[in-house]
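Undergrad: To be precise about what I am sending: the file is called model.txt and holds compact mmCIF, C-alpha atoms.
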```txt
# COMPACT_ATOMS: atom_id res chain seq x y z
CA MET A 1230 19.89 -5.61 -61.55
CA ASN A 1231 16.73 -3.62 -60.89
CA GLY A 1232 15.13 -6.74 -59.46
CA GLY A 1233 18.08 -7.14 -57.08
CA THR A 1234 17.81 -3.48 -55.96
CA ASP A 1235 14.08 -3.88 -55.41
CA ASP A 1236 14.66 -7.03 -53.37
CA LEU A 1237 17.27 -5.24 -51.28
CA MET A 1238 14.94 -2.26 -50.70
CA MET A 1239 12.09 -4.60 -49.76
CA THR A 1240 14.34 -6.46 -47.34
CA GLN A 1241 15.53 -3.18 -45.81
CA SER A 1242 11.96 -1.90 -45.60
CA ALA A 1243 10.81 -5.11 -43.94
CA GLY A 1244 13.71 -4.81 -41.49
CA ILE A 1245 12.78 -1.22 -40.64
CA THR A 1246 9.13 -2.20 -40.19
CA GLN A 1247 10.12 -5.12 -37.98
CA HIS A 1248 12.40 -2.86 -35.92
CA ALA A 1249 9.64 -0.25 -35.56
CA GLU A 1250 7.16 -2.92 -34.51
CA GLN A 1251 9.63 -4.31 -31.99
CA ARG A 1252 10.23 -0.82 -30.57
CA ALA A 1253 6.51 -0.14 -30.36
CA ALA A 1254 6.03 -3.44 -28.52
CA GLU A 1255 8.88 -2.60 -26.11
CA ASP A 1256 7.46 0.90 -25.52
CA SER A 1257 4.07 -0.60 -24.85
CA SER A 1258 5.40 -3.18 -22.37
CA PHE A 1259 7.51 -0.46 -20.70
CA GLU A 1260 4.46 1.74 -20.12
CA ARG A 1261 2.29 -1.17 -19.05
CA LEU A 1262 4.77 -2.53 -16.53
CA THR A 1263 6.33 0.62 -15.13
CA MET A 1264 3.64 3.34 -15.09
CA PRO A 1265 1.45 1.69 -12.41
CA HIS A 1266 4.40 2.04 -10.02
CA LEU A 1267 4.81 5.78 -10.52
CA PRO A 1268 3.13 6.73 -7.19
CA ALA A 1269 5.41 4.33 -5.28
CA VAL A 1270 8.49 5.60 -7.10
CA ALA A 1271 7.39 9.18 -6.34
CA ARG A 1272 7.08 8.40 -2.63
CA PHE A 1273 10.45 6.66 -2.60
CA ALA A 1274 12.02 9.64 -4.39
CA ARG A 1275 10.53 12.03 -1.85
CA SER A 1276 11.81 9.95 1.04
CA LEU A 1277 15.28 9.92 -0.47
CA THR A 1278 15.51 13.58 -1.47
CA ARG A 1279 13.29 15.15 1.25
CA ASP A 1280 12.46 17.83 -1.32
CA ALA A 1281 9.39 17.95 -3.58
CA VAL A 1282 11.09 19.60 -6.56
CA ARG A 1283 14.15 17.35 -6.45
CA ALA A 1284 11.89 14.34 -5.99
CA ASP A 1285 9.92 15.12 -9.16
CA ASP A 1286 13.19 15.58 -11.07
CA LEU A 1287 14.38 12.25 -9.71
CA VAL A 1288 11.18 10.47 -10.79
CA GLN A 1289 11.57 11.83 -14.31
CA GLU A 1290 15.25 10.84 -14.36
CA THR A 1291 14.31 7.37 -13.10
CA TYR A 1292 11.83 6.78 -15.92
CA MET A 1293 14.24 8.11 -18.54
CA ARG A 1294 16.99 5.81 -17.30
CA ALA A 1295 14.54 2.95 -17.02
CA LEU A 1296 13.46 3.39 -20.65
CA ARG A 1297 17.07 3.51 -21.83
CA GLY A 1298 17.85 0.37 -19.85
CA TRP A 1299 14.59 -1.44 -20.55
CA HIS A 1300 16.38 -4.09 -22.63
CA THR A 1301 18.13 -5.18 -19.41
CA PHE A 1302 14.83 -5.80 -17.62
CA ARG A 1303 14.14 -9.52 -17.25
CA ASP A 1304 10.56 -10.76 -17.60
CA ASP A 1305 10.75 -12.58 -14.27
CA SER A 1306 11.89 -9.43 -12.40
CA ASP A 1307 9.69 -7.31 -10.20
CA PRO A 1308 9.23 -4.01 -12.09
CA ARG A 1309 8.65 -2.03 -8.89
CA ARG A 1310 11.86 -3.26 -7.32
CA TRP A 1311 13.71 -2.70 -10.58
CA LEU A 1312 12.45 0.90 -10.75
CA PHE A 1313 13.46 1.47 -7.12
CA ALA A 1314 16.97 0.25 -7.94
CA VAL A 1315 17.15 2.63 -10.92
CA CYS A 1316 15.80 5.46 -8.76
CA HIS A 1317 18.29 4.82 -5.97
CA HIS A 1318 21.17 4.66 -8.44
CA ALA A 1319 20.09 7.97 -10.00
CA PHE A 1320 19.74 9.49 -6.52
CA LEU A 1321 23.28 8.47 -5.53
CA ARG A 1322 24.67 9.87 -8.76
CA GLY A 1323 23.02 13.21 -7.97
CA VAL A 1324 24.34 13.10 -4.42
CA ARG A 1325 27.85 12.39 -5.67
CA ARG A 1326 27.63 15.36 -8.00
CA GLU A 1327 26.74 17.55 -5.06
CA GLU A 1328 29.78 16.19 -3.22
CA VAL A 1329 27.94 15.25 -0.08
CA TYR A 1330 28.50 11.58 -0.64
CA VAL A 1331 29.74 9.76 2.44
CA ASP A 1332 31.12 6.25 2.29
CA ALA A 1333 29.35 3.97 4.71
CA PRO A 1334 31.66 1.86 6.83
CA ASP A 1335 30.62 -1.68 7.68
CA ASP A 1336 29.27 -1.30 11.18
CA ASP A 1337 28.64 -4.00 13.73
CA PRO A 1338 24.81 -4.10 13.92
CA GLU A 1339 24.67 -5.53 17.43
CA LEU A 1340 27.00 -2.87 18.76
CA GLU A 1341 24.68 -0.33 17.15
CA SER A 1342 21.79 -1.88 19.08
CA LEU A 1343 23.77 -1.55 22.28
CA ALA A 1344 24.66 2.06 21.50
CA THR A 1345 20.97 2.74 20.77
CA ALA A 1346 20.05 1.31 24.15
CA ALA A 1347 22.79 3.21 25.98
CA ALA A 1348 21.66 6.49 24.40
CA HIS A 1349 18.08 5.68 25.31
CA TRP A 1350 18.89 5.02 28.95
CA ARG A 1351 20.88 8.25 29.18
CA ALA A 1352 17.94 10.07 27.62
CA GLN A 1353 15.55 8.37 30.00
CA GLU A 1354 17.55 9.55 33.00
CA SER A 1355 17.61 13.13 31.76
CA GLY A 1356 13.92 13.17 30.86
CA LEU A 1357 14.58 13.41 27.15
CA VAL A 1358 12.52 10.35 26.27
CA ASP A 1359 9.38 11.97 27.63
CA ALA A 1360 10.42 15.14 25.82
CA VAL A 1361 10.63 13.36 22.48
CA GLU A 1362 7.15 12.02 23.08
CA ARG A 1363 5.99 15.63 23.41
CA LEU A 1364 7.64 16.56 20.11
CA ASP A 1365 5.51 16.45 16.98
CA LEU A 1366 7.16 13.21 15.88
CA GLY A 1367 6.13 13.46 12.19
CA PRO A 1368 8.04 16.67 11.33
CA ALA A 1369 10.88 15.63 13.65
CA ILE A 1370 11.29 12.32 11.84
CA ASP A 1371 11.12 14.13 8.51
CA ARG A 1372 13.88 16.52 9.57
CA ALA A 1373 16.00 13.73 11.04
CA LEU A 1374 15.72 11.63 7.86
CA GLY A 1375 16.91 14.61 5.85
CA THR A 1376 20.01 14.82 8.02
CA LEU A 1377 20.88 11.14 7.65
CA SER A 1378 23.63 10.38 5.14
CA PRO A 1379 22.33 8.92 1.85
CA HIS A 1380 23.40 5.29 2.41
CA TYR A 1381 21.76 5.02 5.82
CA ARG A 1382 18.71 6.96 4.66
CA ALA A 1383 18.15 4.58 1.74
CA ALA A 1384 18.26 1.51 4.02
CA VAL A 1385 15.90 3.07 6.58
CA VAL A 1386 13.49 4.31 3.90
CA LEU A 1387 13.31 0.95 2.13
CA VAL A 1388 12.72 -1.09 5.28
CA ASP A 1389 10.95 1.24 7.70
CA VAL A 1390 9.08 3.54 5.31
CA GLU A 1391 8.44 1.31 2.30
CA GLY A 1392 8.08 -1.89 4.33
CA HIS A 1393 10.54 -3.97 2.28
CA SER A 1394 12.23 -7.03 3.76
CA TYR A 1395 16.00 -6.92 4.24
CA GLU A 1396 16.33 -9.19 1.18
CA GLU A 1397 14.21 -6.89 -1.00
CA ALA A 1398 16.15 -3.85 0.19
CA ALA A 1399 19.40 -5.65 -0.60
CA ALA A 1400 18.16 -6.31 -4.15
CA VAL A 1401 17.26 -2.63 -4.64
CA LEU A 1402 20.51 -1.32 -3.16
CA ARG A 1403 22.57 -4.09 -4.79
CA ILE A 1404 24.42 -4.82 -1.57
CA PRO A 1405 24.55 -7.92 0.68
CA VAL A 1406 21.74 -8.45 3.22
CA GLY A 1407 24.26 -8.10 6.06
CA THR A 1408 25.20 -4.64 4.83
CA VAL A 1409 21.53 -3.64 4.70
CA ARG A 1410 21.20 -4.78 8.31
CA SER A 1411 24.23 -2.83 9.51
CA ARG A 1412 23.24 0.36 7.64
CA LEU A 1413 19.68 0.04 8.89
CA PHE A 1414 20.72 -0.36 12.53
CA ARG A 1415 23.20 2.51 12.26
CA GLY A 1416 20.63 4.71 10.54
CA ARG A 1417 18.04 4.03 13.22
CA ARG A 1418 20.52 4.81 15.98
CA VAL A 1419 21.46 8.11 14.33
CA LEU A 1420 17.75 8.92 13.93
CA GLN A 1421 17.12 8.27 17.60
CA ASP A 1422 20.09 10.45 18.58
CA LEU A 1423 18.79 13.22 16.32
CA LEU A 1424 15.34 13.05 17.92
CA PHE A 1425 16.92 13.48 21.34
CA GLU A 1426 18.99 16.36 20.00
CA PHE A 1427 15.86 18.08 18.61
CA ALA A 1428 14.13 17.66 21.96
CA ARG A 1429 17.17 19.15 23.72
CA ASP A 1430 17.29 22.05 21.23
CA ALA A 1431 13.60 22.69 21.79
CA GLY A 1432 14.38 23.18 25.46
CA PHE A 1433 12.31 20.19 26.55
CA GLU A 1434 15.14 18.72 28.64
CA THR A 1435 15.11 21.58 31.11
CA ALA A 1436 11.31 21.66 31.06
CA ARG A 1437 11.27 18.06 32.30
CA ALA A 1438 12.98 18.75 35.63
CA PRO A 1439 10.13 20.71 37.31
CA ALA A 1440 7.62 18.14 36.08
CA VAL A 1441 9.54 15.39 37.90
CA LYS A 1442 9.75 17.56 40.98
CA GLU A 1443 6.01 18.23 40.88
CA ARG A 1444 5.26 14.55 40.64
CA SER A 1445 7.57 13.67 43.51
CA GLU A 1446 6.07 16.27 45.81
CA MET B 1061 2.66 -6.89 29.43
CA ILE B 1062 2.10 -9.31 32.29
CA PRO B 1063 2.33 -12.92 31.11
CA SER B 1064 -0.51 -15.25 31.91
CA LYS B 1065 0.14 -18.29 34.11
CA PRO B 1066 0.63 -20.80 31.27
CA GLU B 1067 3.14 -18.39 29.67
CA ILE B 1068 5.06 -18.18 32.93
CA ALA B 1069 5.12 -21.98 33.07
CA ASN B 1070 6.52 -22.10 29.52
CA SER B 1071 8.99 -19.33 30.23
CA GLU B 1072 10.60 -21.47 32.93
CA ARG B 1073 12.02 -23.59 30.14
CA VAL B 1074 13.54 -20.54 28.42
CA ASP B 1075 17.11 -19.63 29.33
CA PRO B 1076 17.19 -16.23 31.06
CA ILE B 1077 19.06 -13.51 29.22
CA ASP B 1078 20.45 -10.26 30.60
CA CYS B 1079 19.60 -6.72 29.47
CA GLU B 1080 22.65 -6.47 27.23
CA THR B 1081 21.71 -9.61 25.31
CA ALA B 1082 18.12 -8.41 25.04
CA VAL B 1083 19.06 -5.02 23.58
CA ARG B 1084 21.58 -6.57 21.21
CA ARG B 1085 18.58 -8.38 19.74
CA LEU B 1086 16.34 -5.29 19.76
CA TRP B 1087 16.03 -4.55 16.04
CA ASP B 1088 16.04 -8.18 14.93
CA PHE B 1089 13.25 -8.74 17.47
CA LEU B 1090 11.18 -5.79 16.24
CA ASP B 1091 11.81 -6.73 12.60
CA GLY B 1092 10.63 -10.28 13.26
CA ARG B 1093 13.96 -11.78 12.26
CA LEU B 1094 14.83 -13.73 15.39
CA PRO B 1095 14.61 -17.52 15.54
CA ALA B 1096 11.69 -18.69 17.71
CA ARG B 1097 13.86 -19.62 20.70
CA SER B 1098 15.73 -16.28 20.76
CA ARG B 1099 12.48 -14.41 20.34
CA GLU B 1100 10.96 -16.25 23.27
CA GLU B 1101 14.00 -15.41 25.41
CA VAL B 1102 13.56 -11.70 24.61
CA GLU B 1103 9.82 -11.84 25.33
CA THR B 1104 10.47 -13.53 28.67
CA HIS B 1105 13.11 -10.95 29.54
CA LEU B 1106 10.76 -8.07 28.63
CA ALA B 1107 8.05 -9.55 30.83
CA THR B 1108 10.31 -9.47 33.87
CA CYS B 1109 12.67 -6.50 33.28
CA GLU B 1110 11.81 -2.95 34.32
CA LEU B 1111 14.50 -1.19 32.26
CA CYS B 1112 14.19 -2.71 28.79
CA PRO B 1113 10.47 -2.46 27.85
CA PRO B 1114 10.40 1.39 27.58
CA HIS B 1115 13.43 1.20 25.32
CA PHE B 1116 11.79 -1.38 23.04
CA GLU B 1117 8.56 0.61 23.04
CA PHE B 1118 10.39 3.80 22.07
CA ALA B 1119 12.09 2.01 19.17
CA ARG B 1120 8.73 0.67 18.06
CA SER B 1121 7.20 4.20 18.19
CA MET B 1122 10.02 5.50 16.04
CA GLN B 1123 9.39 2.76 13.48
CA ARG B 1124 5.67 3.58 13.43
CA ALA B 1125 6.44 7.28 12.90
CA LEU B 1126 8.81 6.38 10.06
CA ALA B 1127 6.18 4.17 8.39
CA ALA B 1128 3.75 7.10 8.45
CA SER B 1129 6.30 9.67 7.32
CA ALA B 1130 5.87 9.41 3.56
CA PRO B 1131 2.36 9.46 2.12
CA LEU B 1132 1.75 8.59 -1.51
CA PRO B 1133 1.29 11.60 -3.83
CA THR B 1134 -2.23 13.01 -4.04
CA ASP B 1135 -4.30 12.31 -7.17
CA GLY B 1136 -3.49 15.80 -8.49
CA GLU B 1137 0.23 15.43 -7.85
CA GLU B 1138 0.25 12.00 -9.45
CA THR B 1139 -1.56 13.22 -12.60
CA ARG B 1140 0.80 16.15 -12.98
CA LEU B 1141 3.86 13.95 -12.49
CA ARG B 1142 2.57 11.26 -14.84
CA GLU B 1143 2.04 13.87 -17.58
CA ARG B 1144 5.49 15.30 -17.00
CA VAL B 1145 7.15 11.87 -17.19
CA ARG B 1146 5.16 10.85 -20.30
CA ALA B 1147 6.14 14.11 -22.03
CA ALA B 1148 9.82 13.54 -21.22
CA LEU B 1149 9.64 9.95 -22.46
CA CYS B 1150 7.97 11.09 -25.72
CA ARG B 1151 10.67 13.70 -26.27
CA HIS B 1152 13.31 11.04 -25.68
CA LYS B 1153 11.65 8.58 -28.07
CA GLY B 1154 11.33 11.30 -30.73
CA ALA B 1155 15.02 12.09 -30.44
CA ILE B 1156 16.18 8.52 -31.17
```
Translate this structure into structure tokens?
TA:
Amino acid sequence: MNGGTDDLMMTQSAGITQHAEQRAAEDSSFERLTMPHLPAVARFARSLTRDAVRADDLVQETYMRALRGWHTFRDDSDPRRWLFAVCHHAFLRGVRREEVYVDAPDDDPELESLATAAAHWRAQESGLVDAVERLDLGPAIDRALGTLSPHYRAAVVLVDVEGHSYEEAAAVLRIPVGTVRSRLFRGRRVLQDLLFEFARDAGFETARAPAVKERSE
Amino acid sequence: MIPSKPEIANSERVDPIDCETAVRRLWDFLDGRLPARSREEVETHLATCELCPPHFEFARSMQRALAASAPLPTDGEETRLRERVRAALCRHKGAI
């Protein structure tokens, strides 16, 4: 009887040890594979949130979620892309909680390109294009990105800021490549419109008229 | 950009496209996602059109500004964030 109890305890103990060893190995692989990507995740989080404090919270949330879901990570996956997907998912959850979530319709990308061009030509005629060039484009882009709705912002950030291909962005956002393309084109058009709006608000549009006159004289 | 003579000779074999077609292809062109033939048609159009090149150039400037808009965290910021994340992960591991 005692021998049986001892055997059972030894088996249980071996099981606990094995479980602890397995967890330690998982923790070690988690740290080894995910921690080198922390700077990239931090930059992505900043681009998404446009706020340093919220970005740091999002990075922490990303790593917590990543650890909890580490068993779903496949060895042949790209850890950076996987972390970006976790980060984006966490970001959208936060956005939903704040009730500023906007559903993105499926736009026609080529019509967006045409609309971008039409807006550009109108801006060119009114002198706004030159005005935007006089704006400090860095802060203006930063402000415009912050105004963009989350779905469009994520597509623009992944492709234009992070330099991902459409296919990589689609894997992070878990949407079809065609949807990435349409959100990207729409996001860029809205950004361009916002830049023109900032230039107009800054009073550059009216400042352009005398300059044209001076040149023509 | 003014095409050199051999490029002009080649461009004669490319079907001309109008401004609308060119701008419909704007982002695919800038993102390098057009098939070779379509890309060549846009390049030929841009070499001969007065209206479209400033528009393409503006779009390119916006992309460049976007690419430069998010620097990586500084060493100090990264260290602080790494410590914060590690501490949170340790707390989580201790709780399970």
Undergrad: Tell me, as a PyMOL selection string, which residues lie within 9 Å of Gln1289 (chain A), counting all atoms listed in the file; anything in the same chain fewer than 5 positions away does not count.
TA: (chain A and resi 1284+1294) or (chain B and resi 1141+1144-1146+1148-1149)
Undergrad: Residues of chain A no more than 6 Å from chain B, counting only C-alpha atoms: send them over as a list in words.
TA: Arg1272, Gln1289, Glu1339, Ser1342, Leu1343, Asp1389 and Val1390 of chain A
Undergrad: Please, what distance in Å, to one decimal, runs between CA of Asp1304 (chain A) and CA of Val1386 (chain A)?
TA: 26.4 Å
Undergrad: Taking all atoms listed in the file into account, name the residue in B:Arg1151, B:Glu1143, B:Asp1078, B:Ser1098 that is nearest to Glu1110 (chain B).
TA: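 Using all atoms listed in the file, the shortest distance to Glu1110 (chain B) belongs to B:Asp1078.
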Undergrad: How many Å lie between CA of Gly1375 (chain A) and CA of Pro1308 (chain A), rounded to one decimal?
TA: 27.0 Å
Undergrad: Which of these, A:Arg1261, A:His1349, A:His1318, A:Arg1275, has the shortest distance to Glu1117 (chain B) once you count all atoms listed in the file?
TA: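 Using all atoms listed in the file, the shortest distance to Glu1117 (chain B) belongs to A:His1349.
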Undergrad: Using Å and a single decimal, report how far CA of Gly1407 (chain A) sits from CA of Ala1384 (chain A).
TA: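 Going from CA of Ala1384 (chain A) over to CA of Gly1407 (chain A), I get 11.5 Å.
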Undergrad: Leaving out Arg1382 (chain A) and any residue of its chain fewer than 5 positions from it, which residues lie within 9 Å of it when counting all atoms listed in the file, given as a PDB file with C-alpha atoms, in the frame of the given file?
TA:
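around_7.pdb, written as the output of this step:
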```pdb
ATOM      1  CA  SER A1276      11.810   9.950   1.040  1.00  0.00           C
ATOM      2  CA  LEU A1277      15.280   9.920  -0.470  1.00  0.00           C
ATOM      3  CA  LEU A1374      15.720  11.630   7.860  1.00  0.00           C
ATOM      4  CA  GLY A1375      16.910  14.610   5.850  1.00  0.00           C
ATOM      5  CA  THR A1376      20.010  14.820   8.020  1.00  0.00           C
ATOM      6  CA  LEU A1377      20.880  11.140   7.650  1.00  0.00           C
ATOM      7  CA  LEU A1387      13.310   0.950   2.130  1.00  0.00           C
ATOM      8  CA  ARG A1412      23.240   0.360   7.640  1.00  0.00           C
ATOM      9  CA  LEU A1413      19.680   0.040   8.890  1.00  0.00           C
ATOM     10  CA  GLY A1416      20.630   4.710  10.540  1.00  0.00           C
TER      11      GLY A1416
END
```
Undergrad: Between A:Arg1322, A:Arg1429, A:Arg1415, A:His1266, which is the closest to Thr1345 (chain A) once you count only C-alpha atoms?
TA: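 The closest residue to Thr1345 (chain A) is A:Arg1415.
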Undergrad: For Arg1097 (chain B), list every protein, DNA or RNA residue within 12 Å, evaluated using only C-alpha atoms, and leave out those in the same chain fewer than 2 positions away; present the list as a PyMOL selection string.
TA: chain B and resi 1070-1071+1073-1077+1089+1093-1095+1099-1104
Undergrad: Hey, which of A:Glu1391, A:Asp1365, A:Asp1307, A:Asp1337 ends up closest to Ala1271 (chain A)? Count all atoms listed in the file.
TA: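 Counting all atoms listed in the file, the residue closest to Ala1271 (chain A) is A:Glu1391.
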Undergrad: Which residues come within 12 Å of Gln1353 (chain A), counting only C-alpha atoms, excluding same-chain residues fewer than 2 positions away, as a list in words?
TA: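 So the residues in contact are Ala1346, Ala1347, Ala1348, His1349, Trp1350, Arg1351, Ser1355, Gly1356, Leu1357, Val1358, Asp1359, Ala1360, Val1361, Glu1362, Phe1425, Glu1434 and Arg1437 of chain A; Leu1111, Cys1112, Pro1114, His1115 and Phe1118 of chain B.
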Undergrad: Could you work out an axis-aligned bounding box for all listed atoms of region 1353-1362 of chain A, with 8 Å added on each of the six sides, and give its centre and edge lengths in Å to one decimal, as AutoDock Vina command-line options?
TA:
```
--center_x 12.4 --center_y 11.8 --center_z 27.7 --size_x 26.5 --size_y 22.8 --size_z 26.5
```
